[in-house]
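> Take this structure, written in structure tokens, and hold onto it; I'll ask about it next.
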Amino acid sequence: MKTAIVTGAARGIGLATARLFAAEGWQVALVDRDSEELARVAPGIAQGFAVDCDISEPDQVEAMVAEVIARTGRIDALVNNAGIADFGPIEQTDFARWRAVMATNLDGTFLVSQVCIPALRKQGGAIVNIASISGLRGSTLRVAYGTSKAAVIQLTRQQAAELGEYGIRANCVAPGPVRTKLAMAVHSPEIIAAYHDAIPLNRYGSEEELAEAITFLASEKASYITGQVLAVDGGFESTGVGLP
Ligand code: NAD
């Protein structure tokens, strides 16, 4: 049975993605640092199991990947979804906040990918990194978050260029706004209204809509797609309108 690792799977887009992988017959490692929430949701997913891990901690990442391989013997897909949001302009973003965002969004994505590569190389596989439309545009509010997500997009291209010869594809999904805990913590009523106006489909996306795109890119259906950024954003990116 194919095995997928989904980081940040205790809730939101990651949880929806883990559920969809399982529904499509994959075995799924649900990885998160929120062990309480993880323990609550993982038993509800047939073929799913929980692994506690803070992806910004190298030792924890090594132990997590070793546990997945010990349980399943293989890794066929890795979804680097765990992320944290931070809204602030440059002069109001202290270095500790900047580092915390980079540690999870960028360092964690790099680390988990690096440690999974030997297992992915065995039979080939796919990496799907979750960036954001905030990584595709400049904005007055997202110096740390937007920069981390732009770096994740470039990391995806590096991975695609380097790992193609081993049969490993790497793609990136750039979500538009989705009503998860992460987004709702930073989206004011004004930002929500502005997104509704600016998005051609006039609404936020759902976790399930993101999961469909992520599992597609991880699957054999996307066997000739690598190095791409897919904006799943109701058309926002196509308009050229600035981020609210
Ligand atoms: P969420 O906050 O609902 O879920 C994120 C999960 O990641 C949480 O369970 C959290 O505990 C976990 N996590 C955070 N840091 C971690 C770490 N260091 N180690 C392990 N787990 C960690 O968020 P979401 O909205 O589902 O976001 C998922 C991804 O989608 C993120 O990368 C986010 O940046 C991206 N994204 C979300 C939106 C949106 O509007 N929701 C838009 C664009 C991009």
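Labels for the structure tokens follow display order: chains A, B, ..., residues from 1 in each chain, ligands from 1.
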Go through the chains and note each residue within 6 Å of ligand 1, using only C-alpha atoms and all ligand atoms, then give the set as a ChimeraX atom specification.

/A:8-14,32-34,53-56,81-85,104,130-132,175-183

> Just C-alpha atoms for this one: save the residues we selected as a PDB file, in the first residue's frame.


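Once everything was written out, this is result-v1.pdb:
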ATOM      1  CA  GLY A   8       0.317  19.823   9.820  1.00  0.00           C
ATOM      2  CA  ALA A   9      -2.399  17.164   9.613  1.00  0.00           C
ATOM      3  CA  ALA A  10      -4.120  17.770  12.955  1.00  0.00           C
ATOM      4  CA  ARG A  11      -6.542  20.243  11.398  1.00  0.00           C
ATOM      5  CA  GLY A  12      -7.318  22.438   8.392  1.00  0.00           C
ATOM      6  CA  ILE A  13      -5.985  21.698   4.923  1.00  0.00           C
ATOM      7  CA  GLY A  14      -3.639  18.974   6.199  1.00  0.00           C
ATOM      8  CA  ASP A  32       1.801  17.530  13.756  1.00  0.00           C
ATOM      9  CA  ARG A  33       3.258  19.182  16.847  1.00  0.00           C
ATOM     10  CA  ASP A  34      -0.226  19.538  18.354  1.00  0.00           C
ATOM     11  CA  CYS A  53       6.725  15.995  15.474  1.00  0.00           C
ATOM     12  CA  ASP A  54       7.753  19.615  15.387  1.00  0.00           C
ATOM     13  CA  ILE A  55       9.054  19.912  11.827  1.00  0.00           C
ATOM     14  CA  SER A  56      11.448  22.715  12.767  1.00  0.00           C
ATOM     15  CA  ASN A  81       1.724  21.442   4.651  1.00  0.00           C
ATOM     16  CA  ALA A  82       2.526  22.500   8.239  1.00  0.00           C
ATOM     17  CA  GLY A  83       2.783  26.246   8.396  1.00  0.00           C
ATOM     18  CA  ILE A  84       2.208  29.254  10.601  1.00  0.00           C
ATOM     19  CA  ALA A  85       0.823  32.641   9.622  1.00  0.00           C
ATOM     20  CA  THR A 104       8.411  26.194  10.404  1.00  0.00           C
ATOM     21  CA  ILE A 130       2.130  24.117   0.355  1.00  0.00           C
ATOM     22  CA  ALA A 131       3.016  27.741  -0.301  1.00  0.00           C
ATOM     23  CA  SER A 132       0.438  30.552  -0.595  1.00  0.00           C
ATOM     24  CA  PRO A 175      -3.799  28.280  -1.705  1.00  0.00           C
ATOM     25  CA  GLY A 176      -5.909  31.389  -1.715  1.00  0.00           C
ATOM     26  CA  PRO A 177      -7.827  32.113   1.493  1.00  0.00           C
ATOM     27  CA  VAL A 178      -9.428  29.158   3.281  1.00  0.00           C
ATOM     28  CA  ARG A 179     -11.412  29.534   6.542  1.00  0.00           C
ATOM     29  CA  THR A 180      -9.050  27.593   8.770  1.00  0.00           C
ATOM     30  CA  LYS A 181      -7.813  28.509  12.245  1.00  0.00           C
ATOM     31  CA  LEU A 182      -4.606  29.856  10.677  1.00  0.00           C
ATOM     32  CA  ALA A 183      -6.406  32.265   8.347  1.00  0.00           C
TER      33      ALA A 183
END

> List as a VMD selection string the protein and nucleic acid residues near Pro200 (chain A), meaning an atom at most 10 Å away when only C-alpha atoms are counted, but skip any in the same chain fewer than 6 places from it.

chain A and resid 233 to 239

> List as a list in words the protein and nucleic acid residues near Asp107 (chain A), meaning an atom at most 12 Å away when only C-alpha atoms are counted, but skip any in the same chain fewer than 4 places from it.

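Once the nearby chain positions are removed, what remains is Asp54, Ile55, Ser56, Glu57, Pro58, Val61, Asn80, Ala82, Gly83, Arg99, Ala100, Val101, Met102, Ala103, Leu111, Val112, Ser113, Gln114, Ser148, Lys149, Ala151, Val152 and Leu155 of chain A.
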
> Please dump the current selection as a PDB file, in the first residue's frame; keep C-alpha atoms.


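File produced: again_5.pdb:
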ATOM      1  CA  ASP A  54       7.753  19.615  15.387  1.00  0.00           C
ATOM      2  CA  ILE A  55       9.054  19.912  11.827  1.00  0.00           C
ATOM      3  CA  SER A  56      11.448  22.715  12.767  1.00  0.00           C
ATOM      4  CA  GLU A  57      13.416  20.357  15.050  1.00  0.00           C
ATOM      5  CA  PRO A  58      15.949  18.185  13.147  1.00  0.00           C
ATOM      6  CA  VAL A  61      12.116  15.025  12.004  1.00  0.00           C
ATOM      7  CA  ASN A  80       4.802  19.658   3.369  1.00  0.00           C
ATOM      8  CA  ALA A  82       2.526  22.500   8.239  1.00  0.00           C
ATOM      9  CA  GLY A  83       2.783  26.246   8.396  1.00  0.00           C
ATOM     10  CA  ARG A  99      12.709  33.394  12.777  1.00  0.00           C
ATOM     11  CA  ALA A 100       9.668  31.480  14.047  1.00  0.00           C
ATOM     12  CA  VAL A 101       7.932  31.820  10.670  1.00  0.00           C
ATOM     13  CA  MET A 102      11.052  30.768   8.759  1.00  0.00           C
ATOM     14  CA  ALA A 103      11.722  27.873  11.172  1.00  0.00           C
ATOM     15  CA  LEU A 111      14.241  19.373   6.658  1.00  0.00           C
ATOM     16  CA  VAL A 112      11.348  16.957   6.199  1.00  0.00           C
ATOM     17  CA  SER A 113      12.019  16.780   2.455  1.00  0.00           C
ATOM     18  CA  GLN A 114      15.719  16.113   2.957  1.00  0.00           C
ATOM     19  CA  SER A 148       8.802  32.271   3.614  1.00  0.00           C
ATOM     20  CA  LYS A 149       6.214  31.154   1.054  1.00  0.00           C
ATOM     21  CA  ALA A 151      11.130  30.660  -0.677  1.00  0.00           C
ATOM     22  CA  VAL A 152       9.004  27.482  -0.532  1.00  0.00           C
ATOM     23  CA  LEU A 155      12.633  25.296  -2.959  1.00  0.00           C
TER      24      LEU A 155
END

> Please run DSSP on the backbone and report, as a ChimeraX atom specification, all residues within region 20-228 of chain A that come out as helix (DSSP H, G or I).

/A:20-23,35-44,58-72,90-92,95-123,133-135,143-166,181-184,189-198,207-218,220-222

> Between A:Val186, A:Ser223, A:Leu15, A:Val65, single out the one closest to Gly44 (chain A), counting only C-alpha atoms.

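Answer, going by the shortest atom-to-atom distance: A:Leu15.
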
> Point out the residue among A:Ile69, A:Val31, A:Leu78, A:Leu243 with the least atom-to-atom distance to Asp197 (chain A), counting only C-alpha atoms.

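For Asp197 (chain A), the nearest of the candidates is A:Leu243.
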